[in-house]
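Q: This is the structure I have questions about; it appears just below.
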Amino acid sequence: MLQATTAAATVLVVPGLRDHVARHWQTQLIERLPRVRAVPPMGRENLDCDLRVEAIERAVRAIAGPIVIVAHSGGCIAVAHWAALTERPVQGALLATPADFETPMPDGYPTRDALEDAGWLPVPRCRLPFPSIVAASRNDPLGRYERVAELGRDWGSRVVDLGEVGHLNPASGHGPWPRAEELIAELSA
């Protein structure tokens with residue numbers, strides 16, 4: 001169903017700060033979808049928001065035709081920063097479990113000061129210039145549901161409650177995420 005629905009759209013995968021992970025649902029999408037590109041890895045230690053925004057812009061410019069963005073975690077925040085600066089048209093964006101960079105994150109993740117120094121803060125709160133879906137988890141260690149839903153409303157996104165799926169990554173017990181393809185198809189219609 002997805003292939004027929006999205007034949008004209010190219011999916012652009014925007015990973016989070018930890019880049020592409022082997023068993024991650026985004027990596028699996030790249031392997032399965034017929035028309036897909038990915039923002040290249042930036043390196044886990046490279047927190048520069050401007051460089052990530054520039055990488056999204058380069059990737060978008062290289063795609064002819066309609067684009068559906070599929071971002072995860074910090075990639076969602078990068079898309080919000082990019083959307084505030086670009087004039088490139090996008091058909092829609094699936095923003096899965098955005099990280100809440102405005103509150104302290106667990107050990108092992110960048111501090112709020114490090115994120116601020118790297119240009120991530122403040123997180124853009126303006127309405128995105130394209131349709132979007134924010135998929136939010138009820139038990140995400142990187143963003144409380146209420147905060148993520150508020151961010152989604154500020155962006156003008158439809159908020160989808162995923163239930164308790166952690167951060168929707170391999171560390172939370174998730175590999176494939178079939179619902180992603182349903183939501184991509186919805187944005188591609």
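As shown in the structure tokens, the chain order sets the letters A, B, ...; within each chain, residues go from 1, and ligands are also counted from 1 in the order they appear.
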Which neighbours of A:Leu162 fall inside 9 Å, counting only C-alpha atoms, when residues of the same chain fewer than 3 positions from it are skipped, and could you give them as an MDAnalysis selection string?
A: chainID A and resid 135:138 165
Q: Please produce a file of those selected residues containing N, CA and C atoms, as a compact mmCIF listing (two decimals), in the first residue's frame.
A:
# COMPACT_ATOMS: atom_id res chain seq x y z
N ALA A 135 4.40 12.04 16.72
CA ALA A 135 4.10 10.78 17.37
C ALA A 135 4.78 10.80 18.74
N ALA A 136 3.96 10.75 19.81
CA ALA A 136 4.47 10.95 21.16
C ALA A 136 4.27 9.70 22.02
N SER A 137 5.25 9.43 22.87
CA SER A 137 5.24 8.29 23.77
C SER A 137 4.82 8.73 25.17
N ARG A 138 4.12 7.87 25.86
CA ARG A 138 3.69 8.15 27.24
C ARG A 138 4.79 7.94 28.27
N VAL A 165 5.87 3.48 24.57
CA VAL A 165 6.85 2.91 23.64
C VAL A 165 8.26 3.42 23.93
Q: Please determine, counting only C-alpha atoms, which residue among A:Pro122, A:Pro104, A:Pro131, A:Gly43 has the shortest atom-to-atom distance to A:Val68.
A: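 Of all the options, A:Pro131 lies closest to A:Val68.
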Q: Please report the interatomic distance between atom CA of A:Asn139 and atom CA of A:His167 in Å with one decimal.
A: 7.7 Å
Q: Would you mind listing what lies within 12 Å of A:Leu142 as JSON, numbers by chain, with only C-alpha atoms counted and same-chain residues fewer than 2 positions away left out?
A: {"A": [16, 72, 73, 74, 96, 97, 98, 99, 100, 101, 102, 103, 104, 105, 106, 107, 108, 109, 110, 111, 136, 137, 138, 139, 140, 144, 145, 147, 148, 165, 166, 167, 168, 169, 172]}
Q: I'd like the neighbourhood of A:Pro89 as a list of chain:residue names, where a residue qualifies if any of its atoms comes within 9 Å (using only C-alpha atoms), though same-chain residues fewer than 4 positions away should be ignored.
A: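 Non-adjacent residues within range: A:Pro66, A:Ile67, A:Pro129, A:Phe130.
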Q: Just to be explicit: take each residue in the selection above, keep N, CA and C atoms, and write the result as a PDB file, in the first residue's frame.
A:
ATOM      1  N   PRO A  66       7.967  15.810  -4.769  1.00  0.00           N
ATOM      2  CA  PRO A  66       7.451  15.925  -3.394  1.00  0.00           C
ATOM      3  C   PRO A  66       8.322  15.194  -2.381  1.00  0.00           C
ATOM      4  N   ILE A  67       8.340  15.742  -1.178  1.00  0.00           N
ATOM      5  CA  ILE A  67       9.156  15.191  -0.084  1.00  0.00           C
ATOM      6  C   ILE A  67       8.293  15.015   1.149  1.00  0.00           C
ATOM      7  N   PRO A 129       5.485  25.131   8.293  1.00  0.00           N
ATOM      8  CA  PRO A 129       4.838  25.538   7.041  1.00  0.00           C
ATOM      9  C   PRO A 129       4.368  24.362   6.182  1.00  0.00           C
ATOM     10  N   PHE A 130       4.183  23.204   6.797  1.00  0.00           N
ATOM     11  CA  PHE A 130       3.714  22.017   6.086  1.00  0.00           C
ATOM     12  C   PHE A 130       2.964  21.131   7.076  1.00  0.00           C
TER      13      PHE A 130
END
Q: If you measure from atom CA of A:Ala38 to atom CA of A:Glu54, what distance in Å do you get, rounded to one decimal?
A: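 So the answer is 13.4 Å.
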Q: So which residues touch A:Trp155 within 6 Å, counting only C-alpha atoms, skipping near sequence neighbours fewer than 4 positions away, as a PyMOL selection string?
A: chain A and resi 126-128
Q: Need to verify the contact set: A:Gln26, 12 Å, only C-alpha atoms, exclusion of same-chain residues closer than 4 positions in sequence. Can you return it as a PyMOL selection string?
A: chain A and resi 11-16+19-22+30-33+36-39+69-73+75+94-96+168-170+174-181
Q: Selected residues, C-alpha atoms, written as a tab-separated table (two decimals), in the first residue's frame, please.
A:
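Saved as out-v4.tsv:
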chain	number	residue	atom	x	y	z
A	11	VAL	CA	10.97	10.10	2.03
A	12	LEU	CA	13.82	12.04	3.65
A	13	VAL	CA	15.01	10.40	6.87
A	14	VAL	CA	16.41	12.79	9.48
A	15	PRO	CA	18.04	10.88	12.36
A	16	GLY	CA	18.47	12.10	15.90
A	19	ASP	CA	22.79	9.31	13.89
A	20	HIS	CA	21.75	6.13	12.08
A	21	VAL	CA	21.53	3.02	14.26
A	22	ALA	CA	21.58	-0.47	12.71
A	30	ILE	CA	15.75	3.24	4.37
A	31	GLU	CA	16.23	-0.43	3.47
A	32	ARG	CA	12.55	-1.00	2.54
A	33	LEU	CA	11.15	2.08	0.85
A	36	VAL	CA	14.12	7.29	0.20
A	37	ARG	CA	17.12	9.43	1.06
A	38	ALA	CA	18.76	10.12	4.39
A	39	VAL	CA	20.56	13.06	5.89
A	69	ILE	CA	10.31	14.10	6.04
A	70	VAL	CA	10.61	11.37	8.66
A	71	ALA	CA	12.50	12.59	11.72
A	72	HIS	CA	13.21	11.05	15.12
A	73	SER	CA	14.22	12.56	18.46
A	75	GLY	CA	16.08	15.17	14.27
A	94	LEU	CA	6.41	12.63	10.56
A	95	LEU	CA	8.12	13.77	13.76
A	96	ALA	CA	8.54	10.74	16.01
A	168	LEU	CA	10.79	4.35	20.09
A	169	ASN	CA	14.32	3.08	19.53
A	170	PRO	CA	16.22	-0.21	19.94
A	174	HIS	CA	11.78	-1.29	19.22
A	175	GLY	CA	13.15	-2.27	15.85
A	176	PRO	CA	10.53	-2.22	13.12
A	177	TRP	CA	7.74	0.34	13.50
A	178	PRO	CA	5.08	-0.58	10.91
A	179	ARG	CA	2.88	2.33	11.93
A	180	ALA	CA	5.49	4.70	10.49
A	181	GLU	CA	4.56	3.55	7.01
Q: Got a sec to tell me which of stretch 2-135 of chain A DSSP assigns to helix (DSSP H, G or I), as a ChimeraX atom specification?
A: /A:2-5,25-32,49-61,74-83,112-117
Q: Quick one: pull the distance between atom CA of A:Asp113 and atom CA of A:Glu150, Å, one decimal.
A: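 That distance, rounded to one decimal, is 22.3 Å.
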Q: Which one of A:His24, A:Arg52, A:Arg153, A:Arg88 sits closest to A:Trp120 if you count only C-alpha atoms?
A: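 Among the listed residues, the smallest separation from A:Trp120 belongs to A:Arg52.
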Q: Give the strand (DSSP E or B) residues of stretch 14-137 of chain A, as assigned by DSSP on the backbone, as a ChimeraX atom specification.
A: /A:14,36-38,67-72,92-96,132-136
Q: Of the candidates A:Val90, A:Leu115, A:Ala78, A:Ala149, which one gets nearest to A:Val60 if we count only C-alpha atoms?
A: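 Nearest candidate to A:Val60 out of A:Val90, A:Leu115, A:Ala78, A:Ala149: A:Val90.
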